[in-house]
Structures are given as structure tokens and as C-alpha cells.
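Novice: Supplied in C-alpha cells, the structure appears directly below.
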Amino acid sequence: DTGVSQDPRHKITKRGQNVTFRCDPISEHNRLYWYRQTLGQGPEFLTYFQNEAQLEKSRLLSDRFSAERPKGSFSTLEIQRTEQGDSAMYLCASSLGLAGGNEQFFGPGTRLTVL
Amino acid sequence: GQQLNQSPQSMFIQEGEDVSMNCTSSSIFNTWLWYKQDPGEGPVLLIALYKAGELTSNGRLTAQFGITRKDSFLNISASIPSDVGIYFCAGQPGGYQKVTFGIGTKLQVIP
């Protein structure tokens, strides 16, 4: 499978715990994006990377959220001290970027439930 | 965060009917995108539009990039049961920037 993959697909955690999600983009895509989607809404932008550089962060990304893409390939999104309001689907997308095409291709998402 | 105005929010149609949905924005976009999302899955790109006035087809789907750059529409012809899902419009101000999504149109097809 050469699409965007995300792990885990589902995560249930207790309030106050830390969670980490992983995204593997399409091979050779140099742009990687994280979005959050709550029930009945469209995805909302969180942050994006050009290779290993994090170039933009949304105001939705509070201090408890951190994203990394250390080698410009896979990315992780960590949420510290989770709150019930963090319950959502976390989506990752990638694109070739630059002259290679800007269409964003999404992974299947990680559904987070905070109890 | 900002979301685009997408209508209708839901629709029930008979199999074989044509469907039309649209999306408007208060901002200008240089790219309009249409995605379909099935329950528990990520959005799947259907059509990408890059020029004002552009009309693009993908099988039974046709989408147009509005002349003002502030709107787009999607038509589905001769609907079939597997068209069921949520359709999202999305806009990009520039090619490298974040995508802003609509709230979605939930489509249900009655066989």
C-alpha cells in the first residue's frame, strides 16, 4: 500500500494521560499536514511541515500539542495531559509540494477518545 | 477555525438522480478541492481545480471553479448507492498553504 498510513487507528485514554500518534506520508512527499476533525465538522488545520521544518501552526495547537518530523519522513503528534475536548479524529495528509503538485492525500486517521 | 459555507448540509435522493452541491467563501482561493469521506476513514480526493472558470470531470462527477474564485460546485450524475458519504469542499489560498474545509454535505441514496 503506497498511501498515507496512520497508527494507531483508534486510541482510548484517560484524561491527563499523554498520547502519541504516528503518520507515514506517501513516499517522496515532502509536505506533511495534521488536521483535527470533530463530529459533524470538516477537518481543521493544525500544522504542516516542509521536509523536517514545521512552517505553520494553527491557534488550535495549544501548548499541550507538539508535532515533529525529525528526518523529513514520518511525523509524530503528541498530546500531553489529554482533556475530554481533545476527543476527535486526527488526520494526516501529505503532498509532493513545490512544482510536484499540491493535492493533499489523507490517511485513514486516528480516532482519539478521552475518558 | 474558519470553515467554508457548504450547502445543502444533507440530502436524500433516489438512485439514478443527479445531485448538485455548492460551496462559498468570503475569501479568494487559488485552488478548490472536492473530497469524499466514508465513516471512520480519511477524506479521499475526488477533483482538484486550479483556474477560475475551470470545469473538470471525473467519471460521473463534474466540478467547477467559480469565476469570482469564491465559490465552487460539484455535480454527481446518475447516482448509485456507493455514492453515499460526506462530500467536503476545500479551498487553498496558495499551493503550499493549509486547506480550509466546508462542513460537508451528507448524501444518502435510496435504492
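Ordering of the C-alpha cells sets the chain letters (A, B, ...), residue numbers begin anew at 1 in every chain, and ligands are numbered from 1 in the order given.
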Mind dumping a table of every stretch 5-99 of chain B residue within 12 Å of stretch 87-97 of chain A, with the nearest atom pair and its distance in Å to one decimal, using only C-alpha atoms, sorted by chain and rising number, as a Markdown table?
Specialist:
| residue | atom | partner | partner_atom | distance |
| --- | --- | --- | --- | --- |
| B:Gln37 | CA | A:Leu91 | CA | 11.9 |
| B:Pro39 | CA | A:Met89 | CA | 11.2 |
| B:Gly40 | CA | A:Met89 | CA | 8.6 |
| B:Glu41 | CA | A:Leu91 | CA | 9.3 |
| B:Gly42 | CA | A:Leu91 | CA | 6.8 |
| B:Pro43 | CA | A:Leu91 | CA | 9.0 |
| B:Val44 | CA | A:Ala93 | CA | 10.5 |
| B:Leu45 | CA | A:Ala93 | CA | 11.0 |
| B:Gly94 | CA | A:Gly97 | CA | 11.2 |
| B:Gly95 | CA | A:Gly97 | CA | 7.8 |
| B:Tyr96 | CA | A:Gly97 | CA | 6.6 |
| B:Gln97 | CA | A:Gly97 | CA | 10.0 |
| B:Lys98 | CA | A:Ala93 | CA | 10.6 |
| B:Val99 | CA | A:Ala93 | CA | 10.5 |
Novice: What would the file look like if the residues just selected were written as a tab-separated table (two decimals), in the first residue's frame with N, CA, C and O atoms?
Specialist:
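To be explicit, this is the file written out as selection-v6.tsv:
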chain	number	residue	atom	x	y	z
B	37	GLN	N	-15.73	11.47	2.08
B	37	GLN	CA	-15.30	10.76	3.28
B	37	GLN	C	-16.34	9.73	3.67
B	37	GLN	O	-17.52	10.04	3.82
B	39	PRO	N	-17.53	6.80	6.57
B	39	PRO	CA	-17.44	6.74	8.05
B	39	PRO	C	-16.15	6.06	8.52
B	39	PRO	O	-15.79	4.99	8.02
B	40	GLY	N	-15.46	6.71	9.45
B	40	GLY	CA	-14.27	6.12	10.04
B	40	GLY	C	-13.03	6.14	9.16
B	40	GLY	O	-12.02	5.53	9.52
B	41	GLU	N	-13.12	6.83	8.03
B	41	GLU	CA	-11.99	6.90	7.11
B	41	GLU	C	-11.58	8.33	6.87
B	41	GLU	O	-12.30	9.27	7.22
B	42	GLY	N	-10.41	8.51	6.26
B	42	GLY	CA	-9.98	9.85	5.90
B	42	GLY	C	-10.62	10.30	4.60
B	42	GLY	O	-11.13	9.47	3.83
B	43	PRO	N	-10.62	11.61	4.32
B	43	PRO	CA	-11.18	12.11	3.06
B	43	PRO	C	-10.37	11.60	1.86
B	43	PRO	O	-9.15	11.50	1.93
B	44	VAL	N	-11.08	11.33	0.77
B	44	VAL	CA	-10.44	10.89	-0.47
B	44	VAL	C	-10.65	11.98	-1.52
B	44	VAL	O	-11.79	12.43	-1.73
B	45	LEU	N	-9.57	12.41	-2.15
B	45	LEU	CA	-9.66	13.48	-3.15
B	45	LEU	C	-10.40	13.00	-4.39
B	45	LEU	O	-10.09	11.95	-4.96
B	94	GLY	N	-3.06	29.39	-1.56
B	94	GLY	CA	-1.86	29.19	-2.37
B	94	GLY	C	-1.50	27.73	-2.30
B	94	GLY	O	-1.92	27.02	-1.39
B	95	GLY	N	-0.68	27.24	-3.21
B	95	GLY	CA	-0.45	25.82	-3.31
B	95	GLY	C	0.17	25.17	-2.10
B	95	GLY	O	-0.02	23.99	-1.86
B	96	TYR	N	0.94	25.92	-1.30
B	96	TYR	CA	1.64	25.29	-0.19
B	96	TYR	C	0.92	25.48	1.13
B	96	TYR	O	1.36	25.04	2.15
B	97	GLN	N	-0.18	26.18	1.11
B	97	GLN	CA	-0.81	26.57	2.36
B	97	GLN	C	-1.89	25.59	2.78
B	97	GLN	O	-2.33	24.73	2.03
B	98	LYS	N	-2.33	25.76	4.01
B	98	LYS	CA	-3.32	24.88	4.59
B	98	LYS	C	-4.60	24.89	3.76
B	98	LYS	O	-4.93	25.85	3.08
B	99	VAL	N	-5.33	23.80	3.86
B	99	VAL	CA	-6.61	23.66	3.20
B	99	VAL	C	-7.71	24.00	4.20
B	99	VAL	O	-7.68	23.54	5.34
Novice: Report as a PyMOL selection string the set of chain A residues whose atoms approach chain B to within 12 Å, with distances computed over only C-alpha atoms.
Specialist: chain A and resi 3-6+9-10+30-50+55-61+88-112
Novice: Quick one: distance from atom CA of B:Asn5 to atom CA of B:Gly91 in Å, one decimal?
Specialist: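 Separating atom CA of B:Asn5 from atom CA of B:Gly91 is a distance of 11.2 Å.
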Novice: B:Ser10, B:Ser27, B:Asn22, B:Asn58: which is nearest B:Ser72, counting only C-alpha atoms?
Specialist: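 Between B:Ser10, B:Ser27, B:Asn22, B:Asn58, the residue approaching B:Ser72 most closely is B:Asn22.
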Novice: If you run DSSP on this backbone, which residues of chain A come out as helix (DSSP H, G or I), and could you give them as a VMD selection string?
Specialist: chain A and resid 84 to 86 98 to 100
Novice: Considering only C-alpha atoms, return as a ChimeraX atom specification whatever protein or nucleic-acid residues lie within 12 Å of B:Val19, sequence-local ones (same chain, fewer than 4 positions apart) excluded.
Specialist: /B:7-8,10-15,60-63,73-80,83-84,87,105-109
Novice: If you measure from atom CA of B:Ala52 to atom CA of A:Ile26, what distance in Å do you get, rounded to one decimal?
Specialist: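 It comes out at 29.0 Å.
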Novice: Got a sec to tell me which of chain A DSSP assigns to strand (DSSP E), as a ChimeraX atom specification?
Specialist: /A:5-7,10-13,19-24,31-37,44-50,53-57,65-68,75-79,88-95,105-106,110-114
Novice: Tell me which protein, DNA and RNA residues are within 6 Å of A:Ser75, counting only C-alpha atoms, leaving out same-chain ones fewer than 2 positions away, and put them as a PyMOL selection string.
Specialist: chain A and resi 22-23+68-69
Novice: Take the selection from the previous step and output its residues with N, CA, C and O atoms, as an mmCIF file, in the first residue's frame.
Specialist:
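selection.cif was written with the following content:
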data_model
loop_
_atom_site.group_PDB
_atom_site.id
_atom_site.type_symbol
_atom_site.label_atom_id
_atom_site.label_comp_id
_atom_site.auth_asym_id
_atom_site.auth_seq_id
_atom_site.Cartn_x
_atom_site.Cartn_y
_atom_site.Cartn_z
ATOM 1 N N ARG A 22 1.349 8.476 15.076
ATOM 2 C CA ARG A 22 2.364 8.470 14.031
ATOM 3 C C ARG A 22 1.702 8.558 12.661
ATOM 4 O O ARG A 22 0.624 8.004 12.435
ATOM 5 N N CYS A 23 2.378 9.236 11.738
ATOM 6 C CA CYS A 23 1.921 9.338 10.353
ATOM 7 C C CYS A 23 3.091 9.033 9.430
ATOM 8 O O CYS A 23 4.178 9.606 9.577
ATOM 9 N N GLU A 68 6.386 16.628 15.394
ATOM 10 C CA GLU A 68 7.758 16.555 14.918
ATOM 11 C C GLU A 68 7.807 15.772 13.619
ATOM 12 O O GLU A 68 6.967 14.904 13.356
ATOM 13 N N ARG A 69 8.839 16.064 12.844
ATOM 14 C CA ARG A 69 9.123 15.284 11.635
ATOM 15 C C ARG A 69 10.645 15.261 11.503
ATOM 16 O O ARG A 69 11.220 15.926 10.655
#
Novice: Could you give me, as a ChimeraX atom specification, the residues within 12 Å of A:Pro70, counting only C-alpha atoms and dropping anything in the same chain fewer than 6 positions from it?
Specialist: /A:49-54,76-77
Novice: Which residues are close to B:Gly53, i.e. within 10 Å by only C-alpha atoms, leaving aside same-chain residues fewer than 3 positions away? Reply as a PyMOL selection string.
Specialist: chain B and resi 49-50+56+64-69+72
Novice: Grab the residues selected above and save them as a PDB file, in the first residue's frame with N, CA and C atoms.
Specialist:
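Dumped to selection-v1.pdb:
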ATOM      1  N   LEU B  49      -9.265  21.682  -8.718  1.00  0.00           N
ATOM      2  CA  LEU B  49      -9.490  22.751  -9.697  1.00  0.00           C
ATOM      3  C   LEU B  49      -8.488  23.862  -9.454  1.00  0.00           C
ATOM      4  N   TYR B  50      -7.867  24.379 -10.537  1.00  0.00           N
ATOM      5  CA  TYR B  50      -6.764  25.324 -10.365  1.00  0.00           C
ATOM      6  C   TYR B  50      -6.971  26.675 -11.029  1.00  0.00           C
ATOM      7  N   THR B  56     -14.122  20.595 -14.571  1.00  0.00           N
ATOM      8  CA  THR B  56     -13.366  19.337 -14.623  1.00  0.00           C
ATOM      9  C   THR B  56     -14.268  18.171 -14.275  1.00  0.00           C
ATOM     10  N   GLN B  64     -16.824  22.685 -10.842  1.00  0.00           N
ATOM     11  CA  GLN B  64     -16.430  23.947 -11.457  1.00  0.00           C
ATOM     12  C   GLN B  64     -15.840  24.895 -10.436  1.00  0.00           C
ATOM     13  N   PHE B  65     -14.841  25.621 -10.863  1.00  0.00           N
ATOM     14  CA  PHE B  65     -14.179  26.665 -10.088  1.00  0.00           C
ATOM     15  C   PHE B  65     -14.853  27.972 -10.467  1.00  0.00           C
ATOM     16  N   GLY B  66     -15.513  28.643  -9.523  1.00  0.00           N
ATOM     17  CA  GLY B  66     -16.266  29.842  -9.829  1.00  0.00           C
ATOM     18  C   GLY B  66     -15.395  30.987 -10.341  1.00  0.00           C
ATOM     19  N   ILE B  67     -15.976  31.808 -11.183  1.00  0.00           N
ATOM     20  CA  ILE B  67     -15.266  32.937 -11.800  1.00  0.00           C
ATOM     21  C   ILE B  67     -14.741  33.910 -10.746  1.00  0.00           C
ATOM     22  N   THR B  68     -15.480  34.109  -9.684  1.00  0.00           N
ATOM     23  CA  THR B  68     -15.062  35.045  -8.630  1.00  0.00           C
ATOM     24  C   THR B  68     -13.965  34.474  -7.745  1.00  0.00           C
ATOM     25  N   ARG B  69     -13.685  33.197  -7.899  1.00  0.00           N
ATOM     26  CA  ARG B  69     -12.723  32.440  -7.055  1.00  0.00           C
ATOM     27  C   ARG B  69     -13.229  32.240  -5.634  1.00  0.00           C
ATOM     28  N   SER B  72     -17.494  27.228  -5.628  1.00  0.00           N
ATOM     29  CA  SER B  72     -17.307  26.044  -6.454  1.00  0.00           C
ATOM     30  C   SER B  72     -18.540  25.173  -6.316  1.00  0.00           C
TER      31      SER B  72
END
Novice: Give the answer as one residue: which of A:Val19, A:Thr82, A:Thr2, A:Glu28 has the shortest atom-to-atom distance to A:Ala67, using only C-alpha atoms?
Specialist: A:Val19
Novice: If I take atom CA of A:Asp86 and atom CA of A:Pro8, how far is one from the other in Å, to one decimal?
Specialist: 15.9 Å
